[in-house]
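Worksheet: one structure, shown below.
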Amino acid sequence: MQHIIDRFIKYVTIDTQSDPENEAFPSTEKQWDLANVLVDDLKKIGLQDVTLDDHCYIMATLPSNVDHEVPTIGFISHIDTSPDYSGTNVNPQIHKNYDGKDIVLNQEEKIILSPDYFDDLLQYKGQTLITTDGSTLLGADDKAGITEIITAMEYLIQHPEIKHGEIRIGFTPDEEVGKGAHLFDVDKFGAEWAYTLDGSQIGELEYENFNAAGAKVIITGKIVHPGYAKGKMINSMLIANEFIAALPKDEVPERTEGYEGFYHLHTLNGEVEKTELGYIIRDHDMELFNKRKAIFQKVADDLNAKLGKDLVHVEITDQYYNMKEKVVPVMHIVDIAEEAMKAVGVIPLIKAIRGGTDGSQLSYKGLPCPNIFAGGHNFHGRYEYVPAESMEKAVEVIVKIAEITATRELNK
């Protein structure tokens with residue numbers, strides 16, 4: 001276990017936070033720092049064809065060790081961490097034999113990771129938890145996935161008695177800002193299908209995700225002296241407040257679950273003359289997704305009609321779509337993952353992702369790509385943690401998927 005913990009800590013202490021405001025690719029130079037380390041590590045464990053391209057995509061190959069034809073499969077994780085919370089000076093804390101009680105992340109600031117609030121902690125009593133120190137995110141999303149993939153490949157190299165076909169490895173930049181699959185070369189990758197290691201708790205297996213759009217609302221106002229403003233001032237912030245209030249109040253992330261979609265206001269910057277709102281729009285059902293976008297636009301149109309001027313401008317951009325449409329025709333790739341989990345003692349939790357992965361975009365680029373657990377919880381914030389035992393099980397699942405794929409082809 002110590003080996004996987006050490007590798008994980010090595011990766012999470014390298015800051016790779018991406019930047020949604022930067023159009024460069026990758027969006028931050030510091031993603032190269034981890035990329036170069038990963039290239040060295042992949043070469044050291046014995047992988048072949050290790051490449052790092054001009055946009056910070058890493059690919060590598062574990063050659064087949066069987067003499068019959070086996071589909072080439074892939075495993076993919078992302079290098080960057082979320083811009084939602086600091087990834088600088090990550091200081092992981094190790095808690096062995098977790099006792100089921102509160103974990104003090106920061107004594108001075110009274111930052112507590114408590115099972116009274118995060119009850120999923122209780123399923124890991126007796127295990128080794130890796131947490132933050134309360135000042136940064138951890139980066140298990142998705143450096144746990146990277147750690148697991150590299151460790152699994154190392155294990156297969158060290159145990160040639162385990163039969164497998166050719167395996168391709170891919171690490172992507174900028175997944176957290178929605179660009180992770182944009183320049184991914186599916187033809188170069190050369191896999192028939194792949195799995196992202198980017199899920200949360202142990203057992204998660206997902207082949208459905210949100211349809212997703214980003215939306216910007218730009219509201220134009222007019223500033224004059226407030227003492228003489230009657231009939232002249234237009235306060236864009238007050239119009240923004242009307243816009244926010246006009247959307248369904250219960251259709252927000254904190255009040256929805258399962259297949260329920262939402263509108264999420266994630267940024268607000270305003271002054272009298274100009275206010276900008278940043279939203280994401282999500283729904284699993286394409287018809288409902290399109291309806292949500294139409295409602296969003298109608299709120300703007302209705303406000304403009306009320307104001308008698310076009311002061312509210314909306315820009316909506318589709319980001320990714322539900323991978324289910326592309327995975328269902330090849331459901332055997334989900335079946336293999338489910339079989340692998342059961343074989344190593346993991347109970348599969350098949351559910352829809354309330355988000356997206358690189359796999360959702362890759363599936364539409366011709367690489368069907370379900371998502372497997374990486375083991376972490378509470379991503380994108382100071383309460384993030386990962387059980388070391390969950391990472392170990394993810395390694396076992398990867399190894400077993402490779403073995404099942406090779407064996408299944410032999411038994412056909």
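Lettering and numbering for the structure tokens are positional, with chains as A, B, ... in the shown order, residues counted from 1 in each chain, and ligands counted from 1 in the shown order.
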
### Query
Could you pull out all residues of stretch 181-265 of chain A with a DSSP call of helix (DSSP H, G or I) and give them as a ChimeraX atom specification?
/A:186-189,226-228,236-246,253-255

### DSSP-assigned strand (DSSP E or B) members of stretch 238-402 of chain A, reported as a count of residues only
37

Kindly assemble as CSV a list of the stretch 193-310 of chain A residues that lie within 12 Å of stretch 116-136 of chain A, each paired with its nearest atom pair and their distance in Å to one decimal, using only C-alpha atoms, sorted first by chain and then by ascending residue number.
residue,atom,partner,partner_atom,distance
A:Ser200,CA,A:Asp120,CA,11.3
A:Gln201,CA,A:Asp120,CA,8.9
A:Ile202,CA,A:Gln123,CA,10.3

Residues of stretch 311-374 of chain A at most 12 Å from stretch 74-78 of chain A: nearest atom pair and distance in Å, only C-alpha atoms, as CSV:
residue,atom,partner,partner_atom,distance
A:Ile333,CA,A:Gly74,CA,11.4
A:Ala337,CA,A:Phe75,CA,11.9
A:Thr357,CA,A:Ser77,CA,9.2
A:Asp358,CA,A:His78,CA,8.1
A:Gly359,CA,A:Ile76,CA,8.4
A:Leu362,CA,A:Ile76,CA,10.4
A:Leu367,CA,A:Gly74,CA,9.4
A:Pro368,CA,A:Gly74,CA,10.2
A:Cys369,CA,A:Gly74,CA,8.8
A:Pro370,CA,A:Phe75,CA,10.1
A:Asn371,CA,A:Ile76,CA,9.3
A:Ile372,CA,A:Phe75,CA,9.8
A:Phe373,CA,A:Ser77,CA,11.1
A:Ala374,CA,A:Ser77,CA,9.4

### Query
Counting only C-alpha atoms, what is within 12 Å of A:Val328, bar same-chain residues fewer than 2 positions away, as a ChimeraX atom specification?
/A:206-208,322-326,330-335,363,368-370

Using the selection just defined, write its residues with N, CA, C and O atoms as a PDB file, in the first residue's frame.
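The result, stored in part_14.pdb:
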ATOM      1  N   GLU A 206     -19.862   4.149 -14.680  1.00  0.00           N
ATOM      2  CA  GLU A 206     -20.802   5.097 -15.276  1.00  0.00           C
ATOM      3  C   GLU A 206     -20.651   5.148 -16.788  1.00  0.00           C
ATOM      4  O   GLU A 206     -19.532   5.195 -17.305  1.00  0.00           O
ATOM      5  N   TYR A 207     -21.791   5.118 -17.473  1.00  0.00           N
ATOM      6  CA  TYR A 207     -21.759   5.286 -18.920  1.00  0.00           C
ATOM      7  C   TYR A 207     -22.835   6.279 -19.380  1.00  0.00           C
ATOM      8  O   TYR A 207     -23.147   6.366 -20.561  1.00  0.00           O
ATOM      9  N   GLU A 208     -23.404   7.007 -18.422  1.00  0.00           N
ATOM     10  CA  GLU A 208     -24.327   8.098 -18.724  1.00  0.00           C
ATOM     11  C   GLU A 208     -23.807   9.358 -18.037  1.00  0.00           C
ATOM     12  O   GLU A 208     -23.283   9.286 -16.934  1.00  0.00           O
ATOM     13  N   ASN A 322     -24.365  13.488 -23.588  1.00  0.00           N
ATOM     14  CA  ASN A 322     -24.486  12.232 -22.858  1.00  0.00           C
ATOM     15  C   ASN A 322     -23.861  11.087 -23.661  1.00  0.00           C
ATOM     16  O   ASN A 322     -24.297  10.780 -24.761  1.00  0.00           O
ATOM     17  N   MET A 323     -22.841  10.441 -23.076  1.00  0.00           N
ATOM     18  CA  MET A 323     -22.135   9.368 -23.783  1.00  0.00           C
ATOM     19  C   MET A 323     -22.981   8.108 -23.966  1.00  0.00           C
ATOM     20  O   MET A 323     -22.613   7.223 -24.737  1.00  0.00           O
ATOM     21  N   LYS A 324     -24.109   8.019 -23.261  1.00  0.00           N
ATOM     22  CA  LYS A 324     -24.929   6.815 -23.309  1.00  0.00           C
ATOM     23  C   LYS A 324     -25.244   6.397 -24.741  1.00  0.00           C
ATOM     24  O   LYS A 324     -25.206   5.212 -25.081  1.00  0.00           O
ATOM     25  N   GLU A 325     -25.537   7.384 -25.594  1.00  0.00           N
ATOM     26  CA  GLU A 325     -25.884   7.091 -26.989  1.00  0.00           C
ATOM     27  C   GLU A 325     -24.780   6.324 -27.701  1.00  0.00           C
ATOM     28  O   GLU A 325     -25.054   5.486 -28.570  1.00  0.00           O
ATOM     29  N   LYS A 326     -23.532   6.580 -27.335  1.00  0.00           N
ATOM     30  CA  LYS A 326     -22.401   5.947 -28.005  1.00  0.00           C
ATOM     31  C   LYS A 326     -21.927   4.669 -27.330  1.00  0.00           C
ATOM     32  O   LYS A 326     -21.268   3.845 -27.960  1.00  0.00           O
ATOM     33  N   VAL A 330     -22.287  -0.728 -27.653  1.00  0.00           N
ATOM     34  CA  VAL A 330     -21.138  -1.587 -27.358  1.00  0.00           C
ATOM     35  C   VAL A 330     -21.122  -1.889 -25.856  1.00  0.00           C
ATOM     36  O   VAL A 330     -20.083  -1.784 -25.192  1.00  0.00           O
ATOM     37  N   MET A 331     -22.256  -2.298 -25.322  1.00  0.00           N
ATOM     38  CA  MET A 331     -22.398  -2.474 -23.879  1.00  0.00           C
ATOM     39  C   MET A 331     -21.474  -3.551 -23.308  1.00  0.00           C
ATOM     40  O   MET A 331     -21.270  -3.610 -22.087  1.00  0.00           O
ATOM     41  N   HIS A 332     -20.878  -4.369 -24.163  1.00  0.00           N
ATOM     42  CA  HIS A 332     -19.955  -5.377 -23.627  1.00  0.00           C
ATOM     43  C   HIS A 332     -18.774  -4.727 -22.917  1.00  0.00           C
ATOM     44  O   HIS A 332     -18.177  -5.320 -22.017  1.00  0.00           O
ATOM     45  N   ILE A 333     -18.445  -3.473 -23.264  1.00  0.00           N
ATOM     46  CA  ILE A 333     -17.315  -2.823 -22.604  1.00  0.00           C
ATOM     47  C   ILE A 333     -17.670  -2.439 -21.164  1.00  0.00           C
ATOM     48  O   ILE A 333     -16.801  -2.410 -20.290  1.00  0.00           O
ATOM     49  N   VAL A 334     -18.945  -2.161 -20.921  1.00  0.00           N
ATOM     50  CA  VAL A 334     -19.419  -1.931 -19.546  1.00  0.00           C
ATOM     51  C   VAL A 334     -19.500  -3.261 -18.808  1.00  0.00           C
ATOM     52  O   VAL A 334     -19.123  -3.365 -17.634  1.00  0.00           O
ATOM     53  N   ASP A 335     -19.969  -4.293 -19.505  1.00  0.00           N
ATOM     54  CA  ASP A 335     -20.086  -5.622 -18.890  1.00  0.00           C
ATOM     55  C   ASP A 335     -18.728  -6.120 -18.410  1.00  0.00           C
ATOM     56  O   ASP A 335     -18.623  -6.737 -17.343  1.00  0.00           O
ATOM     57  N   SER A 363     -16.218   9.689 -26.477  1.00  0.00           N
ATOM     58  CA  SER A 363     -17.203   8.758 -27.030  1.00  0.00           C
ATOM     59  C   SER A 363     -17.790   9.295 -28.327  1.00  0.00           C
ATOM     60  O   SER A 363     -18.068   8.531 -29.261  1.00  0.00           O
ATOM     61  N   PRO A 368     -15.522   4.930 -27.563  1.00  0.00           N
ATOM     62  CA  PRO A 368     -16.449   4.697 -26.448  1.00  0.00           C
ATOM     63  C   PRO A 368     -15.670   4.591 -25.142  1.00  0.00           C
ATOM     64  O   PRO A 368     -14.665   3.881 -25.074  1.00  0.00           O
ATOM     65  N   CYS A 369     -16.154   5.268 -24.113  1.00  0.00           N
ATOM     66  CA  CYS A 369     -15.278   5.474 -22.956  1.00  0.00           C
ATOM     67  C   CYS A 369     -16.060   5.607 -21.654  1.00  0.00           C
ATOM     68  O   CYS A 369     -16.231   6.718 -21.134  1.00  0.00           O
ATOM     69  N   PRO A 370     -16.530   4.490 -21.063  1.00  0.00           N
ATOM     70  CA  PRO A 370     -17.191   4.564 -19.753  1.00  0.00           C
ATOM     71  C   PRO A 370     -16.220   5.044 -18.679  1.00  0.00           C
ATOM     72  O   PRO A 370     -14.997   5.088 -18.885  1.00  0.00           O
TER      73      PRO A 370
END

#### Entry: Residues within 12 Å of stretch 21-29 of chain A, only C-alpha atoms, excluding chain neighbours under 4 positions, as a PyMOL selection string
chain A and resi 15-17+33-36+53-57+78-83+172-184+278

### Query
When you draw a straight line from atom CA of A:Glu396 to atom CA of A:Glu161, how long is it in Å?
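That distance, rounded to one decimal, is 15.0 Å.
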
### Message
Let me make sure I understand: among A:Leu52, A:Gly145, A:Ser114, A:Asn91, which one has the smallest atom-to-atom distance to A:Tyr383 if we use only C-alpha atoms?
### Response
A:Ser114

### Message
Ranking A:Val344, A:Met1, A:Gly356, A:Asp318 by minimum distance to A:Lys96 and counting only C-alpha atoms, which one comes first?
### Response
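Among A:Val344, A:Met1, A:Gly356, A:Asp318, it is A:Met1 that comes nearest to A:Lys96.
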
#### Entry: Atom pair atom CA of A:Ala245 / atom CA of A:Glu287: separation (Å)
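Between atom CA of A:Ala245 and atom CA of A:Glu287 the gap is 23.7 Å.
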
### Query
Within 10 Å of A:Gly375, counting only C-alpha atoms, which residues qualify if same-chain residues fewer than 4 places away don't, as a ChimeraX atom specification?
/A:140-142,144-145,148,197-204,385-394

Resulting file, chosen residues, N, CA and C atoms, as a PDB file, in the first residue's frame:
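The resulting again_13.pdb:
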ATOM      1  N   ALA A 140      -7.112  14.331  -5.807  1.00  0.00           N
ATOM      2  CA  ALA A 140      -7.464  12.953  -6.163  1.00  0.00           C
ATOM      3  C   ALA A 140      -8.212  12.932  -7.487  1.00  0.00           C
ATOM      4  N   ASP A 141      -8.864  14.023  -7.791  1.00  0.00           N
ATOM      5  CA  ASP A 141      -9.502  14.254  -9.095  1.00  0.00           C
ATOM      6  C   ASP A 141      -8.511  15.045  -9.955  1.00  0.00           C
ATOM      7  N   ASP A 142      -7.650  14.403 -10.740  1.00  0.00           N
ATOM      8  CA  ASP A 142      -7.735  12.992 -11.055  1.00  0.00           C
ATOM      9  C   ASP A 142      -6.369  12.317 -10.915  1.00  0.00           C
ATOM     10  N   ALA A 144      -5.503  10.529  -8.479  1.00  0.00           N
ATOM     11  CA  ALA A 144      -5.732   9.153  -8.051  1.00  0.00           C
ATOM     12  C   ALA A 144      -5.831   8.252  -9.276  1.00  0.00           C
ATOM     13  N   GLY A 145      -6.566   8.714 -10.297  1.00  0.00           N
ATOM     14  CA  GLY A 145      -6.681   7.932 -11.526  1.00  0.00           C
ATOM     15  C   GLY A 145      -5.341   7.711 -12.199  1.00  0.00           C
ATOM     16  N   GLU A 148      -3.350   5.177 -10.234  1.00  0.00           N
ATOM     17  CA  GLU A 148      -3.879   3.821 -10.387  1.00  0.00           C
ATOM     18  C   GLU A 148      -3.496   3.217 -11.733  1.00  0.00           C
ATOM     19  N   LEU A 197     -10.513   6.750 -15.646  1.00  0.00           N
ATOM     20  CA  LEU A 197     -10.462   6.530 -14.202  1.00  0.00           C
ATOM     21  C   LEU A 197     -10.671   7.895 -13.559  1.00  0.00           C
ATOM     22  N   ASP A 198     -11.923   8.305 -13.446  1.00  0.00           N
ATOM     23  CA  ASP A 198     -12.230   9.668 -13.020  1.00  0.00           C
ATOM     24  C   ASP A 198     -13.510   9.728 -12.199  1.00  0.00           C
ATOM     25  N   GLY A 199     -13.939   8.559 -11.690  1.00  0.00           N
ATOM     26  CA  GLY A 199     -15.133   8.533 -10.866  1.00  0.00           C
ATOM     27  C   GLY A 199     -14.796   8.764  -9.404  1.00  0.00           C
ATOM     28  N   SER A 200     -15.810   8.723  -8.569  1.00  0.00           N
ATOM     29  CA  SER A 200     -15.623   9.009  -7.153  1.00  0.00           C
ATOM     30  C   SER A 200     -15.516   7.715  -6.356  1.00  0.00           C
ATOM     31  N   GLN A 201     -16.500   7.392  -5.539  1.00  0.00           N
ATOM     32  CA  GLN A 201     -16.352   6.338  -4.548  1.00  0.00           C
ATOM     33  C   GLN A 201     -16.160   4.966  -5.170  1.00  0.00           C
ATOM     34  N   ILE A 202     -15.571   4.088  -4.409  1.00  0.00           N
ATOM     35  CA  ILE A 202     -15.284   2.733  -4.860  1.00  0.00           C
ATOM     36  C   ILE A 202     -16.551   2.068  -5.406  1.00  0.00           C
ATOM     37  N   GLY A 203     -16.413   1.453  -6.565  1.00  0.00           N
ATOM     38  CA  GLY A 203     -17.513   0.736  -7.197  1.00  0.00           C
ATOM     39  C   GLY A 203     -18.224   1.493  -8.297  1.00  0.00           C
ATOM     40  N   GLU A 204     -18.025   2.803  -8.372  1.00  0.00           N
ATOM     41  CA  GLU A 204     -18.741   3.573  -9.395  1.00  0.00           C
ATOM     42  C   GLU A 204     -18.347   3.100 -10.800  1.00  0.00           C
ATOM     43  N   TYR A 385     -10.944  13.854   0.004  1.00  0.00           N
ATOM     44  CA  TYR A 385     -10.135  12.775   0.580  1.00  0.00           C
ATOM     45  C   TYR A 385     -10.224  11.538  -0.306  1.00  0.00           C
ATOM     46  N   VAL A 386      -9.286  10.614  -0.102  1.00  0.00           N
ATOM     47  CA  VAL A 386      -9.321   9.345  -0.825  1.00  0.00           C
ATOM     48  C   VAL A 386      -8.802   8.243   0.093  1.00  0.00           C
ATOM     49  N   PRO A 387      -9.516   7.108   0.172  1.00  0.00           N
ATOM     50  CA  PRO A 387      -8.985   5.957   0.908  1.00  0.00           C
ATOM     51  C   PRO A 387      -7.931   5.239   0.057  1.00  0.00           C
ATOM     52  N   ALA A 388      -6.794   4.929   0.664  1.00  0.00           N
ATOM     53  CA  ALA A 388      -5.737   4.228  -0.072  1.00  0.00           C
ATOM     54  C   ALA A 388      -6.223   2.869  -0.557  1.00  0.00           C
ATOM     55  N   GLU A 389      -7.086   2.234   0.234  1.00  0.00           N
ATOM     56  CA  GLU A 389      -7.608   0.920  -0.158  1.00  0.00           C
ATOM     57  C   GLU A 389      -8.455   1.004  -1.426  1.00  0.00           C
ATOM     58  N   SER A 390      -9.150   2.121  -1.631  1.00  0.00           N
ATOM     59  CA  SER A 390      -9.938   2.290  -2.850  1.00  0.00           C
ATOM     60  C   SER A 390      -9.024   2.408  -4.065  1.00  0.00           C
ATOM     61  N   MET A 391      -7.900   3.101  -3.904  1.00  0.00           N
ATOM     62  CA  MET A 391      -6.942   3.187  -5.009  1.00  0.00           C
ATOM     63  C   MET A 391      -6.376   1.810  -5.328  1.00  0.00           C
ATOM     64  N   GLU A 392      -6.093   1.026  -4.301  1.00  0.00           N
ATOM     65  CA  GLU A 392      -5.601  -0.334  -4.538  1.00  0.00           C
ATOM     66  C   GLU A 392      -6.617  -1.162  -5.314  1.00  0.00           C
ATOM     67  N   LYS A 393      -7.891  -1.036  -4.955  1.00  0.00           N
ATOM     68  CA  LYS A 393      -8.921  -1.793  -5.657  1.00  0.00           C
ATOM     69  C   LYS A 393      -9.069  -1.333  -7.110  1.00  0.00           C
ATOM     70  N   ALA A 394      -8.906  -0.038  -7.350  1.00  0.00           N
ATOM     71  CA  ALA A 394      -8.965   0.459  -8.727  1.00  0.00           C
ATOM     72  C   ALA A 394      -7.848  -0.160  -9.566  1.00  0.00           C
TER      73      ALA A 394
END

### Message
Please report the interatomic distance between atom CA of A:Asn290 and atom CA of A:His264 in Å with one decimal.
### Response
15.8 Å

### Message
Could you check the closest approach to A:Leu38 for each of A:Thr147, A:Thr220, A:Thr407, A:Gln93 and tell me which residue wins, using only C-alpha atoms?
### Response
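Smallest distance to A:Leu38 is found for A:Thr147.
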